[in-house]
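A.B. asks: Pasting a structure below so you can have a look.
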Amino acid sequence: MLFKQQAWLRQKLLVLGSLAVGSLLYLVARVGSLDRLQPICPIEGRFGARSQAEFPLRALQFKRGLLHEFRKGNTSKDQVRLHDLVQQLPKAIIIGVRKGGTRALLEMLNLHPAVVKASQEIHFFDNDENYAKGIEWYRKKMPFSYPQQITIEKSPAYFITEEVPERIYKMNSSIKLLIIVREPTTRAISDYTQVLEGKERKNKTYYKFEKLAIDPNTCEVNTKYKAVRTSIYTKHLERWLKYFPIEQFHVVDGDRLITEPLPELQLVEKFLNLPPRISQYNLYFNATRGFYCLRFNIIFNKCLAGSKGRIHPEVDPSVITKLRKFFHPFNQKFYQITGRTLNWP
Ligand code: A3P
């Protein structure tokens with residue numbers, strides 16, 4: 001009996017030991033493979049080229065850790081100076097579109113070691129009061145970063161606000177502009193759902209989507225309704241094209257970012273002249289949320305807030321058909337201008 005117990009114990013210890021050694025080897029291999037990754041290649045063109053040796057991945061990861069500590073208030077001003085931390089104006093802006101997936105895009109790009117995000121929507125260019133405070137005010141709103149990193153901010157109202165293109169142009173005429181779009185009718189319903197939630201919270205009365213989107217007098221699509229107007233992407237883009245050439249824009253397919261984020265992010269990395277660093281490892285599907293979530297490393301991962309991915313109300317199918325028909329010619333024009341066909345109905 002005693003012998004049997006000893007043999008069982010030995011066997012258990014052997015299994016546990018192998019597991020421990022296996023995990024240790026895995027960790028060593030992972031850390032080793034991070035070290036072996038090529039150094040970050042120069043961020044070319046408008047971001048200013050640098051020698052590859054200046055951008056070791058490990059250094060940027062260490063720096064990101066330090067930045068995190070700084071934001072939590074655990075780093076002193078001296079350390080900030082010592083490590084060359086600066087508040088830089090954005091080199092790229094996610095200008096819209098509201099409910100297109102702007103938050104998901106920003107958070108996912110932030111997985112890249114050379115990208116630093118401005119967490120809050122700053123609304124500098126679309127808000128006259130903020131704009132009057134000047135560019136230094138805007139710069140001070142930016143997160144600390146290292147000179148070789150790029151700062152990205154997102155304020156979806158920029159896309160539809162009249163004055164914004166000129167104002168951004170005055171700050172940096174060669175800035176890169178990201179537009180994330182979704183199928184226009186879905187986006188409009190998502191927009192409505194957000195407003196509806198706000199109204200319900202405040203116990204305010206609200207109309208059904210159908211009543212807002214379709215003019216009851218003419219039975220035509222109501223272009224005065226903001227959620228409809230915002231989805232006429234080409235109209236807004238045309239205003240931007242008075243200031244920026246089309247090469248400075250990149251269109252992100254927001255519907256694909258939901259179902260298959262990696263290829264969309266790889267296209268953005270390319271557009272921003274960043275070396276490909278975001279991998280499938282960084283993105284995992286969370287069945288409970290029904291969305292992809294972010295994995296920064298073996299310890300830290302996160303999903304977007306619950307306000308992202310709301311359940312939409314049911315909409316009369318005939319209204320959906322009407323809206324899709326209405327958006328169709330504008331979509332065709334949008335594909336033609338941007339060179340990106342999105343196969344919307
Ligand atoms: P819905 O709430 O209509 O589903 P924005 O950040 O511009 O407000 O966009 C919100 C939309 O981002 C959500 O719209 C959701 O569908 C989409 N989204 C894309 N990827 C997501 C992700 N990984 N997690 C949660 N929402 C995501």
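Residue numbers start at 1 in each chain; chains themselves are named A, B, ... in the order of the structure tokens; ligands are numbered from 1 in the order shown.
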Residues within 7 Å of ligand 1 should be enumerated using only C-alpha atoms and all ligand atoms and returned as a ChimeraX atom specification.

C.D. replies: /A:97-104,156,187,190,254,257-258,291-293,303-304,307-312

A.B. asks: Filtering to C-alpha atoms, could you give me those residues as a PDB file, in the first residue's frame?

C.D. replies:
```pdb
ATOM      1  CA  VAL A  97     -16.525  58.579 -38.561  1.00  0.00           C
ATOM      2  CA  ARG A  98     -18.586  58.592 -35.371  1.00  0.00           C
ATOM      3  CA  LYS A  99     -19.732  55.018 -34.577  1.00  0.00           C
ATOM      4  CA  GLY A 100     -17.421  53.688 -37.272  1.00  0.00           C
ATOM      5  CA  GLY A 101     -15.212  51.935 -34.724  1.00  0.00           C
ATOM      6  CA  THR A 102     -12.950  54.887 -33.923  1.00  0.00           C
ATOM      7  CA  ARG A 103     -12.246  53.757 -30.343  1.00  0.00           C
ATOM      8  CA  ALA A 104     -11.468  50.176 -31.388  1.00  0.00           C
ATOM      9  CA  PRO A 156     -14.835  61.671 -34.695  1.00  0.00           C
ATOM     10  CA  ARG A 187     -23.709  53.335 -38.834  1.00  0.00           C
ATOM     11  CA  SER A 190     -25.646  52.778 -34.299  1.00  0.00           C
ATOM     12  CA  GLY A 254     -15.015  49.361 -39.793  1.00  0.00           C
ATOM     13  CA  LEU A 257     -12.346  45.629 -38.112  1.00  0.00           C
ATOM     14  CA  ILE A 258     -15.105  43.961 -36.077  1.00  0.00           C
ATOM     15  CA  PHE A 291     -15.906  41.214 -30.134  1.00  0.00           C
ATOM     16  CA  TYR A 292     -12.157  41.011 -30.427  1.00  0.00           C
ATOM     17  CA  CYS A 293     -10.287  42.160 -27.350  1.00  0.00           C
ATOM     18  CA  CYS A 303     -11.863  44.554 -23.992  1.00  0.00           C
ATOM     19  CA  LEU A 304     -13.492  47.824 -25.011  1.00  0.00           C
ATOM     20  CA  SER A 307     -20.789  51.231 -24.500  1.00  0.00           C
ATOM     21  CA  LYS A 308     -19.041  49.830 -27.572  1.00  0.00           C
ATOM     22  CA  GLY A 309     -21.100  47.118 -29.187  1.00  0.00           C
ATOM     23  CA  ARG A 310     -24.624  48.064 -28.168  1.00  0.00           C
ATOM     24  CA  ILE A 311     -27.607  46.035 -29.277  1.00  0.00           C
ATOM     25  CA  HIS A 312     -29.399  47.994 -31.990  1.00  0.00           C
TER      26      HIS A 312
END
```

A.B. asks: Quick one: residues within 7 Å of Ser145 of chain A, only C-alpha atoms, excluding same-chain residues fewer than 4 positions away - as number ranges by chain?

C.D. replies: A: 85-87, 116, 149

A.B. asks: Would you kindly return, as JSON, numbers by chain, each protein, DNA or RNA residue with an atom no farther than 9 Å from any atom of segment 173-179 of chain A, considering only C-alpha atoms and excluding same-chain residues fewer than 2 positions away?

C.D. replies: {"A": [46, 90, 91, 92, 93, 94, 95, 96, 97, 100, 102, 156, 159, 168, 169, 170, 171, 181, 243, 244, 247, 248, 249, 250, 251, 252, 253, 268, 271, 272]}

A.B. asks: I need the alpha helix (DSSP H) residues of segment 103-215 of chain A per DSSP on the backbone, written as a ChimeraX atom specification.

C.D. replies: /A:103-109,128-131,135-140,164-171,184-201,209-213

A.B. asks: Output N, CA and C atoms for every residue in the selection just made, as a compact mmCIF listing (two decimals), in the first residue's frame.

C.D. replies:
```txt
# COMPACT_ATOMS: atom_id res chain seq x y z
N ARG A 103 -12.92 54.13 -31.60
CA ARG A 103 -12.25 53.76 -30.34
C ARG A 103 -11.47 52.45 -30.53
N ALA A 104 -12.13 51.47 -31.17
CA ALA A 104 -11.47 50.18 -31.39
C ALA A 104 -10.19 50.39 -32.20
N LEU A 105 -10.28 51.22 -33.23
CA LEU A 105 -9.11 51.45 -34.07
C LEU A 105 -7.97 52.08 -33.28
N LEU A 106 -8.30 53.10 -32.48
CA LEU A 106 -7.25 53.78 -31.70
C LEU A 106 -6.61 52.81 -30.71
N GLU A 107 -7.44 52.06 -29.99
CA GLU A 107 -6.92 51.14 -28.98
C GLU A 107 -6.08 50.05 -29.63
N MET A 108 -6.50 49.59 -30.78
CA MET A 108 -5.76 48.51 -31.45
C MET A 108 -4.44 49.04 -32.00
N LEU A 109 -4.44 50.25 -32.52
CA LEU A 109 -3.18 50.81 -33.02
C LEU A 109 -2.20 51.03 -31.87
N ASP A 128 -14.76 75.67 -31.07
CA ASP A 128 -14.18 77.02 -31.20
C ASP A 128 -13.49 77.47 -29.91
N GLU A 129 -14.10 77.13 -28.81
CA GLU A 129 -13.54 77.56 -27.52
C GLU A 129 -12.16 76.91 -27.29
N ASN A 130 -12.09 75.62 -27.58
CA ASN A 130 -10.80 74.92 -27.44
C ASN A 130 -9.79 75.45 -28.45
N TYR A 131 -10.26 75.65 -29.68
CA TYR A 131 -9.34 76.10 -30.74
C TYR A 131 -8.73 77.45 -30.39
N ILE A 135 -2.45 76.25 -30.15
CA ILE A 135 -1.83 74.96 -30.45
C ILE A 135 -1.03 74.40 -29.25
N GLU A 136 -0.51 75.30 -28.43
CA GLU A 136 0.25 74.83 -27.25
C GLU A 136 -0.68 74.13 -26.26
N TRP A 137 -1.89 74.64 -26.17
CA TRP A 137 -2.90 74.00 -25.32
C TRP A 137 -3.15 72.58 -25.82
N TYR A 138 -3.25 72.47 -27.14
CA TYR A 138 -3.49 71.16 -27.77
C TYR A 138 -2.31 70.21 -27.50
N ARG A 139 -1.12 70.73 -27.68
CA ARG A 139 0.08 69.89 -27.47
C ARG A 139 0.15 69.40 -26.03
N LYS A 140 -0.21 70.25 -25.11
CA LYS A 140 -0.18 69.89 -23.68
C LYS A 140 -1.22 68.82 -23.34
N VAL A 164 -12.86 72.21 -39.65
CA VAL A 164 -11.73 71.37 -39.21
C VAL A 164 -10.63 71.16 -40.26
N PRO A 165 -10.97 70.83 -41.53
CA PRO A 165 -9.88 70.57 -42.48
C PRO A 165 -8.87 71.72 -42.56
N GLU A 166 -9.39 72.93 -42.66
CA GLU A 166 -8.48 74.08 -42.78
C GLU A 166 -7.62 74.22 -41.52
N ARG A 167 -8.22 74.02 -40.37
CA ARG A 167 -7.48 74.17 -39.11
C ARG A 167 -6.38 73.12 -38.99
N ILE A 168 -6.70 71.90 -39.37
CA ILE A 168 -5.67 70.84 -39.28
C ILE A 168 -4.57 71.13 -40.30
N TYR A 169 -4.97 71.58 -41.47
CA TYR A 169 -4.00 71.91 -42.51
C TYR A 169 -3.01 72.97 -42.01
N LYS A 170 -3.53 73.95 -41.29
CA LYS A 170 -2.66 75.02 -40.77
C LYS A 170 -1.68 74.47 -39.75
N MET A 171 -2.07 73.42 -39.02
CA MET A 171 -1.15 72.84 -38.05
C MET A 171 -0.09 72.00 -38.75
N PRO A 184 -23.24 52.53 -44.29
CA PRO A 184 -23.87 53.76 -43.82
C PRO A 184 -25.17 53.60 -43.04
N THR A 185 -26.02 52.65 -43.43
CA THR A 185 -27.29 52.48 -42.70
C THR A 185 -27.03 51.91 -41.30
N THR A 186 -26.15 50.94 -41.22
CA THR A 186 -25.79 50.36 -39.91
C THR A 186 -25.19 51.44 -39.02
N ARG A 187 -24.33 52.26 -39.62
CA ARG A 187 -23.71 53.34 -38.83
C ARG A 187 -24.76 54.31 -38.31
N ALA A 188 -25.73 54.65 -39.18
CA ALA A 188 -26.78 55.59 -38.76
C ALA A 188 -27.60 54.99 -37.61
N ILE A 189 -27.87 53.70 -37.68
CA ILE A 189 -28.65 53.06 -36.60
C ILE A 189 -27.82 53.03 -35.31
N SER A 190 -26.54 52.79 -35.47
CA SER A 190 -25.65 52.78 -34.30
C SER A 190 -25.61 54.17 -33.65
N ASP A 191 -25.58 55.18 -34.49
CA ASP A 191 -25.58 56.58 -34.04
C ASP A 191 -26.87 56.85 -33.26
N TYR A 192 -27.99 56.44 -33.87
CA TYR A 192 -29.31 56.61 -33.22
C TYR A 192 -29.32 55.90 -31.85
N THR A 193 -28.77 54.67 -31.82
CA THR A 193 -28.79 53.87 -30.59
C THR A 193 -28.05 54.58 -29.46
N GLN A 194 -26.93 55.23 -29.83
CA GLN A 194 -26.15 55.94 -28.81
C GLN A 194 -26.96 57.12 -28.24
N VAL A 195 -27.57 57.89 -29.14
CA VAL A 195 -28.36 59.05 -28.69
C VAL A 195 -29.55 58.58 -27.85
N LEU A 196 -30.18 57.52 -28.33
CA LEU A 196 -31.34 56.95 -27.63
C LEU A 196 -30.97 56.57 -26.20
N GLU A 197 -29.83 55.94 -26.06
CA GLU A 197 -29.39 55.51 -24.72
C GLU A 197 -29.25 56.72 -23.79
N GLY A 198 -28.68 57.80 -24.32
CA GLY A 198 -28.51 59.02 -23.55
C GLY A 198 -29.86 59.59 -23.13
N LYS A 199 -30.80 59.56 -24.07
CA LYS A 199 -32.13 60.12 -23.77
C LYS A 199 -32.84 59.27 -22.74
N GLU A 200 -32.72 57.96 -22.89
CA GLU A 200 -33.39 57.07 -21.92
C GLU A 200 -32.84 57.30 -20.52
N ARG A 201 -31.52 57.51 -20.47
CA ARG A 201 -30.88 57.74 -19.18
C ARG A 201 -31.45 58.99 -18.50
N PHE A 209 -36.46 55.30 -34.72
CA PHE A 209 -35.51 55.59 -35.80
C PHE A 209 -36.24 55.87 -37.12
N GLU A 210 -37.24 55.05 -37.38
CA GLU A 210 -37.98 55.16 -38.65
C GLU A 210 -38.56 56.57 -38.81
N LYS A 211 -39.06 57.12 -37.71
CA LYS A 211 -39.72 58.43 -37.76
C LYS A 211 -38.70 59.54 -38.03
N LEU A 212 -37.49 59.36 -37.55
CA LEU A 212 -36.46 60.37 -37.74
C LEU A 212 -35.81 60.26 -39.13
N ALA A 213 -35.61 59.03 -39.56
CA ALA A 213 -34.86 58.82 -40.81
C ALA A 213 -35.69 59.05 -42.06
```

A.B. asks: Calculate how many Å separate atom CA of Pro263 of chain A from atom CA of Arg182 of chain A, rounding to one decimal.

C.D. replies: 16.1 Å

A.B. asks: Separation of atom CA of Arg295 of chain A and atom CA of Leu283 of chain A, in Å?

C.D. replies: 5.8 Å
